[in-house]
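Here is query_5.cif, consisting of mmCIF, C-alpha atoms:
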```cif
data_query
loop_
_atom_site.label_atom_id
_atom_site.label_comp_id
_atom_site.auth_asym_id
_atom_site.auth_seq_id
_atom_site.Cartn_x
_atom_site.Cartn_y
_atom_site.Cartn_z
CA VAL A 1 122.55 45.75 98.73
CA THR A 2 119.28 44.00 97.95
CA PHE A 3 116.85 43.60 100.84
CA TYR A 4 114.39 40.74 100.91
CA ASN A 5 111.26 40.69 103.06
CA THR A 6 110.30 37.24 104.29
CA VAL A 7 106.64 37.57 103.28
CA GLN A 8 107.58 37.91 99.60
CA PHE A 9 108.41 34.25 99.13
CA GLN A 10 105.91 31.42 99.46
CA LYS A 11 107.64 28.72 97.36
CA SER A 12 110.14 27.56 99.97
CA SER A 13 110.47 23.83 100.40
CA THR A 14 110.25 21.70 103.53
CA PHE A 15 112.09 23.10 106.53
CA LEU A 16 114.76 21.08 108.30
CA PHE A 17 113.34 21.79 111.74
CA SER A 18 109.76 20.78 110.92
CA SER A 19 110.17 17.39 112.59
CA ILE A 20 112.28 18.23 115.65
CA PRO A 21 110.58 18.30 119.07
CA THR A 22 110.16 21.60 120.86
CA SER A 23 110.25 21.32 124.62
CA SER A 24 111.25 23.34 127.63
CA SER A 25 114.15 20.93 128.17
CA LEU A 26 115.76 21.87 124.85
CA LEU A 27 117.44 24.97 126.23
CA SER A 28 119.18 23.23 129.13
CA ASP A 29 120.12 20.23 126.99
CA TYR A 30 121.53 22.46 124.30
CA LEU A 31 123.34 25.01 126.44
CA LEU A 32 125.39 22.83 128.72
CA PRO A 33 127.25 19.52 128.56
CA THR A 34 126.15 16.90 131.08
CA THR A 35 129.46 17.15 132.94
CA THR A 36 128.80 20.65 134.28
CA THR A 37 127.63 21.41 137.78
CA THR A 38 123.93 21.56 138.55
CA ASN A 39 123.95 24.78 140.52
CA CYS A 40 122.08 27.48 138.56
CA ASN A 41 124.58 30.21 139.41
CA ASP A 42 127.44 27.96 138.37
CA LYS A 43 125.75 27.37 135.02
CA GLN A 44 125.44 31.08 134.38
CA GLN A 45 129.05 31.69 135.39
CA TYR A 46 130.11 28.83 133.12
CA LEU A 47 128.58 30.51 130.09
CA ARG A 48 129.90 33.98 130.86
CA SER A 49 133.33 32.98 129.67
CA SER A 50 133.48 32.57 125.90
CA SER A 51 136.25 30.00 126.25
CA LYS A 52 133.89 27.73 128.22
CA VAL A 53 130.90 27.84 125.88
CA PRO A 54 130.59 24.35 124.39
CA LEU A 55 130.76 24.19 120.62
CA HIS A 56 127.65 23.17 118.73
CA VAL A 57 127.65 19.61 117.40
CA VAL A 58 125.64 19.08 114.22
CA ASN A 59 122.94 16.43 114.37
CA PRO A 60 123.86 13.71 111.81
CA GLU A 61 120.32 13.78 110.39
CA HIS A 62 120.63 17.53 109.86
CA GLN A 63 124.03 17.10 108.23
CA ALA A 64 122.55 14.61 105.78
CA GLU A 65 119.90 17.16 104.82
CA TYR A 66 122.53 19.91 104.52
CA ASP A 67 124.49 17.72 102.12
CA ARG A 68 121.41 16.86 100.07
CA ILE A 69 120.25 20.47 99.74
CA ASP A 70 123.65 22.10 99.35
CA ASN A 71 124.97 19.63 96.76
CA GLU A 72 122.03 19.77 94.37
CA ASP A 73 123.02 21.02 90.91
CA ASP A 74 122.37 24.70 90.26
CA VAL A 75 120.17 24.17 87.19
CA THR A 76 117.64 22.08 89.12
CA LYS A 77 117.67 24.32 92.19
CA CYS A 78 117.32 27.58 90.30
CA LYS A 79 114.58 26.25 88.02
CA ARG A 80 112.50 25.42 91.10
CA TYR A 81 112.24 29.16 91.79
CA GLY A 82 111.93 30.37 88.22
CA LEU A 83 115.57 31.47 88.05
CA GLU A 84 118.63 30.72 85.97
CA PRO A 85 121.99 29.63 87.41
CA SER A 86 124.46 32.43 88.02
CA LYS A 87 126.76 33.06 85.09
CA THR A 88 129.70 33.33 87.49
CA ASN A 89 130.96 30.94 90.12
CA LYS A 90 130.69 33.61 92.80
CA LYS A 91 127.99 33.08 95.42
CA HIS A 92 125.93 35.98 96.68
CA ARG A 93 126.72 36.65 100.33
CA ILE A 94 123.72 36.87 102.66
CA PHE A 95 123.78 39.13 105.71
CA PHE A 96 121.01 38.43 108.22
CA GLY A 97 119.67 40.82 110.83
CA ALA A 98 117.00 40.70 113.53
CA MET A 99 115.79 42.62 116.55
CA LEU A 100 115.79 40.52 119.72
CA ALA A 101 113.42 40.82 122.68
CA ASN A 102 111.71 37.88 124.41
CA GLU A 103 112.13 35.11 121.86
CA ASN A 104 111.72 31.51 122.92
CA TRP A 105 115.09 29.76 122.73
CA ASP A 106 113.56 26.97 120.63
CA VAL A 107 112.79 29.55 117.93
CA ILE A 108 116.38 30.78 117.83
CA HIS A 109 117.65 27.21 117.82
CA MET A 110 115.38 26.24 114.93
CA HIS A 111 116.42 29.29 112.91
CA ALA A 112 120.05 28.32 113.43
CA ILE A 113 119.37 24.74 112.33
CA GLU A 114 117.72 25.81 109.07
CA THR A 115 120.39 28.35 108.13
CA TYR A 116 123.46 26.61 109.58
CA ASP A 117 126.69 27.99 108.07
CA LEU A 118 124.71 29.77 105.35
CA TYR A 119 124.77 33.43 106.40
CA THR A 120 127.99 35.37 106.03
CA MET A 121 127.04 37.39 109.08
CA GLY A 122 124.21 37.60 111.59
CA ALA A 123 123.51 40.96 113.25
CA PHE A 124 121.33 40.96 116.36
CA VAL A 125 120.14 44.17 117.98
CA GLU A 126 118.31 44.68 121.28
CA SER A 127 116.82 47.83 122.74
CA ASN A 128 116.05 48.79 126.33
CA THR A 129 112.67 50.14 125.16
CA THR A 130 109.74 48.67 123.24
CA HIS A 131 108.57 50.07 119.92
CA MET A 132 106.11 52.19 121.91
CA GLY A 133 108.93 53.67 124.00
CA ASN A 134 108.24 51.73 127.21
CA SER A 135 111.19 50.48 129.26
CA ARG A 136 112.01 46.77 129.09
CA SER A 137 114.59 44.45 130.60
CA MET A 138 117.53 43.41 128.42
CA ASN A 139 117.89 39.69 127.74
CA TYR A 140 121.02 39.77 125.58
CA ASN A 141 123.42 42.16 127.33
CA GLU A 142 127.19 41.66 127.42
CA THR A 143 127.03 39.08 130.24
CA SER A 144 123.98 37.18 128.97
CA PRO A 145 124.44 33.40 128.67
CA ARG A 146 122.19 33.40 125.62
CA ARG A 147 124.27 36.06 123.89
CA HIS A 148 127.41 34.08 124.62
CA GLN A 149 125.79 30.90 123.32
CA MET A 150 124.78 32.57 120.05
CA GLU A 151 128.11 34.33 119.72
CA TYR A 152 130.64 31.65 120.63
CA SER A 153 129.09 28.18 120.24
CA GLN A 154 129.04 28.30 116.42
CA MET A 155 125.38 27.26 116.54
CA PHE A 156 124.86 29.31 113.35
CA GLY A 157 127.90 27.68 111.75
CA PRO A 158 131.68 28.14 111.97
CA SER A 159 131.72 30.43 108.91
CA THR A 160 128.93 32.73 110.14
CA LYS A 161 130.08 35.78 112.07
CA ILE A 162 127.72 36.83 114.86
CA ARG A 163 127.61 40.44 116.06
CA PHE A 164 125.43 42.12 118.70
CA GLY A 165 124.43 45.75 118.95
CA TYR A 166 122.21 47.86 121.19
CA TRP A 167 119.81 50.73 120.56
CA ASN A 168 119.43 52.59 123.84
CA LYS A 169 118.68 56.13 122.70
CA ALA A 170 116.44 58.39 124.78
CA ILE A 171 113.96 59.68 122.16
CA PRO A 172 110.55 59.52 123.89
CA ASP A 173 108.63 61.09 120.99
CA LEU A 174 109.80 58.41 118.57
CA VAL A 175 107.25 55.57 118.71
CA GLY A 176 105.71 52.81 116.64
CA MET A 177 107.11 52.00 113.22
CA ASP A 178 109.38 55.07 113.28
CA ARG A 179 111.07 53.77 116.42
CA GLU A 180 111.32 50.26 114.98
CA SER A 181 112.93 51.65 111.82
CA GLU A 182 115.53 53.52 113.86
CA GLN A 183 116.29 50.40 115.86
CA ARG A 184 116.64 48.33 112.69
CA ASN A 185 119.06 50.89 111.26
CA LYS A 186 121.50 49.60 113.86
CA ILE A 187 121.43 46.28 112.03
CA VAL A 188 122.54 48.00 108.83
CA GLU A 189 125.38 49.67 110.75
CA LEU A 190 126.59 46.26 111.91
CA TRP A 191 126.38 44.92 108.36
CA LYS A 192 128.51 47.77 107.06
CA GLU A 193 131.05 47.29 109.83
CA ALA A 194 131.31 43.63 108.78
CA GLY A 195 132.22 44.59 105.21
CA MET A 196 128.90 44.37 103.40
CA THR A 197 128.97 45.65 99.81
CA GLU A 198 126.39 46.66 97.22
CA GLU A 199 126.60 43.18 95.67
CA ASP A 200 125.58 41.42 98.89
CA ILE A 201 122.07 40.54 100.03
CA GLY A 202 120.53 41.79 103.26
CA LEU A 203 117.80 39.72 104.91
CA MET A 204 116.04 41.43 107.81
CA SER A 205 113.27 39.64 109.71
CA ASP A 206 112.10 38.41 113.08
CA MET A 207 113.66 35.19 114.35
CA ASP A 208 110.48 33.20 113.76
CA GLU A 209 110.41 34.30 110.12
CA VAL A 210 112.84 32.02 108.35
CA MET A 211 113.15 31.02 104.70
CA SER A 212 113.96 27.45 103.85
CA ARG A 213 117.57 26.44 103.38
CA ASP A 214 116.76 25.34 99.84
CA PHE A 215 115.48 28.78 98.85
CA LEU A 216 118.38 30.61 100.51
CA ARG A 217 120.86 28.42 98.66
CA ALA A 218 119.07 29.36 95.44
CA VAL A 219 119.40 33.04 96.35
CA GLN A 220 123.12 32.51 96.78
CA ARG A 221 123.70 30.55 93.59
CA CYS A 222 121.16 31.77 91.03
CA ASP A 223 121.10 34.79 88.74
CA LEU A 224 118.94 37.39 90.51
CA PRO A 225 117.33 39.99 88.22
CA GLU A 226 117.49 42.61 90.99
CA LEU A 227 121.28 42.47 91.02
CA ARG A 228 121.50 43.03 87.27
CA ILE A 229 119.97 46.50 87.59
CA PRO A 230 122.57 49.32 87.67
CA LEU A 231 123.27 50.35 91.23
CA GLU A 232 122.21 53.97 90.69
CA THR A 233 118.67 52.89 89.67
CA ARG A 234 118.33 49.79 91.84
CA ASN A 235 115.41 49.57 94.28
CA CYS A 236 117.10 47.89 97.23
CA ARG A 237 113.77 46.93 98.83
#
```

Representation of the structure as structure tokens:
Amino acid sequence: VTFYNTVQFQKSSTFLFSSIPTSSSLLSDYLLPTTTTTNCNDKQQYLRSSSKVPLHVVNPEHQAEYDRIDNEDDVTKCKRYGLEPSKTNKKHRIFFGAMLANENWDVIHMHAIETYDLYTMGAFVESNTTHMGNSRSMNYNETSPRRHQMEYSQMFGPSTKIRFGYWNKAIPDLVGMDRESEQRNKIVELWKEAGMTEEDIGLMSDMDEVMSRDFLRAVQRCDLPELRIPLETRNCR
């Protein structure tokens, strides 16, 4: 598995979501069809059943950009990032993972737009404590409308599997980066459970740290020097 840190790459092209409006109305417009009831409790109950979560509908303008980016020839795309096309027709699978806390829904929505149907799997982990060990309220528990929306609406794409996990261990002496590392290890567990192999790529970041679709497609389709190194000597970070 090769891990990529989002701060390593500065050559990404224009993002799909750079021109979409961000407003407080986006969440309600996106979550529910206009035919649902207006009572707040009814809305929450509506989303608690996975069978009632409305499926995401791709914006035609976004689809046009997906087609343009995804259908570019490999030679041109790989050259843009100083890479050569892969010598095989097999694409590298990308497994994404992030810790969740108090993210604005617009941020999650924009991440999903940029990476729509690109990740093989998205692993999202929440903890009932902060990195400093303080208690916090859970926003993505089993009955959370937002969890259900991410999990069942196909907002990340019909081919992207979404899995949630929780880190609720009582280890008061574990704080700071050590605690964050332990929490992020749960992401790796979810990746492994989803069938990740040593030839796949793991991308771990915060939700507001997103690489452009163009670059991620290059990662999938180009020959990556890191993956040519024998596994026993490979530096996965």

### Task
Using all atoms listed in the file, find the one residue out of A:Gly133, A:Leu55, A:Leu203, A:Arg221 that sits nearest to Lys77 (chain A).
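Going through A:Gly133, A:Leu55, A:Leu203, A:Arg221 one by one, the smallest distance to Lys77 (chain A) is for A:Arg221.
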
### Query
So which residues get picked by the PyMOL selection byres ((chain A and resi 190) around 12) here, written as a ChimeraX atom specification?
/A:95-98,121-125,161-167,183-189,191-196,202

### Selected residue of minimal separation from Thr130 (chain A) among A:Asp178, A:Glu142, A:Glu151, A:Glu84, counting all atoms listed in the file
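Of A:Asp178, A:Glu142, A:Glu151, A:Glu84, the one nearest Thr130 (chain A) is A:Asp178, counting all atoms listed in the file.
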
### Query
In Å to one decimal, how far is CA of Glu103 (chain A) from CA of Asn139 (chain A)?
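Interatomic distance here is 9.4 Å.
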
### Query
Nearest to Gln149 (chain A) among A:Arg179, A:Arg213, A:His92, A:His109, with distances taken over only C-alpha atoms: which residue is it?
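Of all the options, A:His109 lies closest to Gln149 (chain A).
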
### Task
Name the residues in contact with Ser159 (chain A) at a cut-off of 8 Å, using only C-alpha atoms, excluding same-chain residues fewer than 3 positions from it; report them as JSON, numbers by chain.
{"A": [117, 118, 119, 120]}

### Query
Nearest to Ser127 (chain A) among A:Met150, A:Val107, A:Met99, A:Val58, with distances taken over only C-alpha atoms: which residue is it?
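Under the stated criterion, the closest residue is A:Met99.
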
Within 9 Å of Val75 (chain A) using all atoms listed in the file, minus same-chain residues under 6 positions, as a PDB file with C-alpha atoms, in the coordinates of the input:
```
ATOM      1  CA  LEU A  83     115.570  31.470  88.050  1.00  0.00           C
ATOM      2  CA  GLU A  84     118.630  30.720  85.970  1.00  0.00           C
ATOM      3  CA  PRO A  85     121.990  29.630  87.410  1.00  0.00           C
ATOM      4  CA  CYS A 222     121.160  31.770  91.030  1.00  0.00           C
TER       5      CYS A 222
END
```

### Message
Calculated over all atoms listed in the file, which of the candidates A:Asp223, A:Asp70, A:Glu199, A:Glu126 has the smallest distance to Glu114 (chain A)?
### Response
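Distance minimum relative to Glu114 (chain A) lands on A:Asp70.
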
### Query
Any idea what the distance is between CA of Tyr140 (chain A) and CA of Tyr152 (chain A)?
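So the two atoms, CA of Tyr140 (chain A) and CA of Tyr152 (chain A), lie 13.5 Å apart.
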
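The smallest atom-to-atom distance between Ala112 (chain A) and any of A:Ile69, A:Asp74, A:His56, A:Gln220, using only C-alpha atoms, is found for A:His56.
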